[in-house]
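Reviewing the structure listed below.
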Amino acid sequence: MAHLIEPGLTMLVGSFAPAASHAVAVAIAFALITMLHIVLGELAPKGLALQYPEGTSLWVARPIKGFFVLFRGPIVLLNGIGNGVLRLFGLPPASGHELVHSVEELRLLVTGMQQAGVVEASEARIAARAFNFGDLTAGVLMTPRTEMDALPLTATREQALEYARSGTHSRLPIYDGTPDNVVGVLRVRDLFKIVDSTVPFDVRQFMREVLMVPESKAADDLLDEMRSSGRQFAVVIDEYGGTAGVLTLWNLLSVLVGGIVTADVADDTLEIIASAEADGTRELDGLTRLEEFEEALRITLAPEDHDDADTLGGLVMARLGHVPETGEEVEIGGYHVRVEEKDGHRVARVRVTRVPVTSQTEEA
């Protein structure tokens, strides 16, 4: 290549042309080699693998295995030298656990695969929920005690059948004295056996052992425990030993797949989105989880908001600093949240309205 460049350089640098031509030729050759290495060694193979992942994997598996066996010695030697250099600077060599992808890296990989069309949007959403699943706890996912349906241990046949007819739950916790003393769980379908029975009724005949878990129990650990024990219902206990709420296997699975929609159960996030009026105003349940609120309205709350509360009603109460009265409002994530209805001391319903842009500008 140098002899092709030299005539042109002679006109510019004269007698320095031979030396200059070699330097320019080296630079051009290096640029060409680098370009070919990137295109043929990375971009093109990566594109081929993304388009045909299974076929590409099968085609390159044996050559890569042979390459590893052939060059295993040099690979081990170079890794040893690299680890030795790290030790000289007082740094520990990377272990096998540190060489795997972190959760954040996996999120980026899934996002990139979705953008490339390798995975569907629904699959990417399930993967994202799975990455966050381990950060959730039983206390976050449970149905709180104030919303819990339960049956006393002294319930009569008529009371039990009335619960079965009017309720929408497949299982009911059984308590002795107060709901803080849950002693078992009843499958509603077991009550069908006593509809026409004349045998004296005792709820203990149908009661099953119930799983008790603390509020701090991680969602993934609880799912494993439910699967291994074959139970689908758990009572969540607070730090004082009282009943904080109840949790079902259905609740856990709904978090992973984004809401299992049936005739009676709708995806909470979709419900929030669909509830918007023409001007964007929404009326939401005070028990709406903050994660669902963020996802549906495409906002991100401050970390301290999640520390203060798990639900929208709880966050309103935390922001105000007292038990709110109907009509009080607070701004959350660029929205006015107004208390519309209360259930005792609990915020039952709120009205959510977007803060006008002009108001936000003036405040800024």
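Here's how to read the names in the structure tokens: chain A, B, ... by the order shown, residue numbers from 1 in each chain, ligand numbers from 1 in the order shown.
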Skipping near chain neighbours, those fewer than 4 positions away, what residues fall within 10 Å of Glu239 (chain A) using only C-alpha atoms, listed as a ChimeraX atom specification?
/A:214-216,243-244
Could you dump the residues just selected with C-alpha atoms as a short mmCIF file (atom, residue, chain, number, x, y, z; two decimals), in the first residue's frame?
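Once written, result35.cif looks like this:
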```
data_model
loop_
_atom_site.label_atom_id
_atom_site.label_comp_id
_atom_site.auth_asym_id
_atom_site.auth_seq_id
_atom_site.Cartn_x
_atom_site.Cartn_y
_atom_site.Cartn_z
CA PRO A 214 -44.61 -11.99 58.75
CA GLU A 215 -45.16 -8.74 56.86
CA SER A 216 -41.46 -8.67 55.95
CA THR A 243 -53.40 -9.99 61.89
CA ALA A 244 -52.22 -7.45 59.31
#
```
Need the shell around region 121-129 of chain A: protein/DNA/RNA residues with any atom at most 12 Å away, counting only C-alpha atoms. Skip same-chain ones fewer than 6 positions apart. Format as JSON, numbers by chain?
{"A": [103, 104, 105, 106, 107, 108, 109, 110, 111, 112, 113, 114, 115, 135, 136, 219, 220, 252, 253, 254, 255, 256, 257, 258, 259, 291, 292, 295]}
Output of the above residues as a PDB file, in the first residue's frame, restricted to C-alpha atoms:
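For reference, again06.pdb as written:
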```pdb
ATOM      1  CA  VAL A 103     -30.251  -7.476  37.568  1.00  0.00           C
ATOM      2  CA  GLU A 104     -29.743  -4.029  36.024  1.00  0.00           C
ATOM      3  CA  GLU A 105     -27.761  -5.564  33.147  1.00  0.00           C
ATOM      4  CA  LEU A 106     -30.498  -8.153  32.607  1.00  0.00           C
ATOM      5  CA  ARG A 107     -33.079  -5.351  32.443  1.00  0.00           C
ATOM      6  CA  LEU A 108     -30.998  -3.618  29.762  1.00  0.00           C
ATOM      7  CA  LEU A 109     -30.646  -6.891  27.842  1.00  0.00           C
ATOM      8  CA  VAL A 110     -34.402  -7.507  27.910  1.00  0.00           C
ATOM      9  CA  THR A 111     -35.066  -3.918  26.791  1.00  0.00           C
ATOM     10  CA  GLY A 112     -32.606  -4.294  23.933  1.00  0.00           C
ATOM     11  CA  MET A 113     -34.119  -7.626  22.881  1.00  0.00           C
ATOM     12  CA  GLN A 114     -37.585  -6.073  22.896  1.00  0.00           C
ATOM     13  CA  GLN A 115     -36.417  -3.159  20.743  1.00  0.00           C
ATOM     14  CA  ASP A 135     -38.121  -6.701  46.304  1.00  0.00           C
ATOM     15  CA  LEU A 136     -41.805  -7.003  47.240  1.00  0.00           C
ATOM     16  CA  ALA A 219     -42.628 -12.392  47.864  1.00  0.00           C
ATOM     17  CA  ASP A 220     -40.338 -14.886  46.101  1.00  0.00           C
ATOM     18  CA  LEU A 252     -48.526 -13.420  43.932  1.00  0.00           C
ATOM     19  CA  LEU A 253     -49.124 -14.764  40.425  1.00  0.00           C
ATOM     20  CA  SER A 254     -51.034 -11.626  39.450  1.00  0.00           C
ATOM     21  CA  VAL A 255     -47.977  -9.534  40.298  1.00  0.00           C
ATOM     22  CA  LEU A 256     -45.793 -11.651  38.004  1.00  0.00           C
ATOM     23  CA  VAL A 257     -48.092 -11.732  34.974  1.00  0.00           C
ATOM     24  CA  GLY A 258     -49.590  -8.289  35.442  1.00  0.00           C
ATOM     25  CA  GLY A 259     -53.091  -9.170  36.550  1.00  0.00           C
ATOM     26  CA  GLU A 291     -46.523   0.678  42.009  1.00  0.00           C
ATOM     27  CA  GLU A 292     -49.805   0.380  40.064  1.00  0.00           C
ATOM     28  CA  GLU A 295     -47.200   2.422  36.136  1.00  0.00           C
TER      29      GLU A 295
END
```
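The list of residues with at least one atom within 12 Å of Asp238 (chain A), based on only C-alpha atoms and without residues fewer than 4 positions apart in the same chain, reads A:Ala138, A:Gly139, A:Met142, A:Pro144, A:Arg145, A:Asp180, A:Met212, A:Val213, A:Pro214, A:Glu215, A:Ser216, A:Lys217, A:Gly242, A:Thr243, A:Ala244, A:Gly245, A:Val246.
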Rounded to one decimal place, report the CA of Arg62 (chain A)-CA of Gly82 (chain A) distance in Å.
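Interatomic distance here is 27.4 Å.
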Backbone-only DSSP, helix (DSSP H, G or I) members of region 91-299 of chain A, as number ranges by chain
A: 96-99, 103-115, 121-133, 138-141, 145-147, 157-166, 188-194, 203-205, 219-229, 249-257, 268-274, 290-297
Proximity to Leu290 (chain A) - best of A:Ile33, A:Leu211, A:Val140, A:Leu40, only C-alpha atoms
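Using only C-alpha atoms, the shortest distance to Leu290 (chain A) belongs to A:Val140.
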Would you please give, as JSON, numbers by chain, all residues of region 119-322 of chain A that DSSP assigns to strand (DSSP E or B) based on the backbone?
{"A": [137, 143, 144, 151, 152, 171, 172, 173, 174, 175, 182, 183, 184, 185, 186, 187, 207, 208, 211, 212, 213, 214, 218, 233, 234, 235, 236, 237, 243, 244, 245, 246, 247, 248, 282, 283, 284, 285, 289, 311]}
From the options A:Leu249, A:Leu297, A:Phe67, A:Pro200, which residue's atoms come nearest to Leu141 (chain A), counting only C-alpha atoms?
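Residue with the minimum atom-to-atom distance to Leu141 (chain A): A:Leu249.
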Can you pull out every residue within 6 Å of region 329-335 of chain A, counting only C-alpha atoms, but drop anything in the same chain fewer than 2 positions away, and send it as a ChimeraX atom specification?
/A:337-338,353-355
Hey, can you spit out that residue selection with N, CA and C atoms as a PDB file, in the first residue's frame?
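And here is the file that came out, part.pdb:
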```pdb
ATOM      1  N   VAL A 337     -54.647  14.999  44.411  1.00  0.00           N
ATOM      2  CA  VAL A 337     -55.346  13.822  44.931  1.00  0.00           C
ATOM      3  C   VAL A 337     -56.280  14.299  46.041  1.00  0.00           C
ATOM      4  N   ARG A 338     -57.576  14.190  45.810  1.00  0.00           N
ATOM      5  CA  ARG A 338     -58.592  14.691  46.736  1.00  0.00           C
ATOM      6  C   ARG A 338     -59.333  13.521  47.376  1.00  0.00           C
ATOM      7  N   THR A 353     -56.604  14.331  39.755  1.00  0.00           N
ATOM      8  CA  THR A 353     -56.697  15.289  38.651  1.00  0.00           C
ATOM      9  C   THR A 353     -55.310  15.810  38.319  1.00  0.00           C
ATOM     10  N   ARG A 354     -54.997  15.868  37.050  1.00  0.00           N
ATOM     11  CA  ARG A 354     -53.698  16.370  36.605  1.00  0.00           C
ATOM     12  C   ARG A 354     -53.545  17.844  36.949  1.00  0.00           C
ATOM     13  N   VAL A 355     -52.390  18.218  37.524  1.00  0.00           N
ATOM     14  CA  VAL A 355     -52.117  19.622  37.819  1.00  0.00           C
ATOM     15  C   VAL A 355     -51.896  20.354  36.502  1.00  0.00           C
TER      16      VAL A 355
END
```
Point-to-point distance in Å for CA of Asn181 (chain A) and CA of Val199 (chain A)
27.4 Å
Quick one: distance from CA of Ala302 (chain A) to CA of Val339 (chain A) in Å, one decimal?
21.1 Å
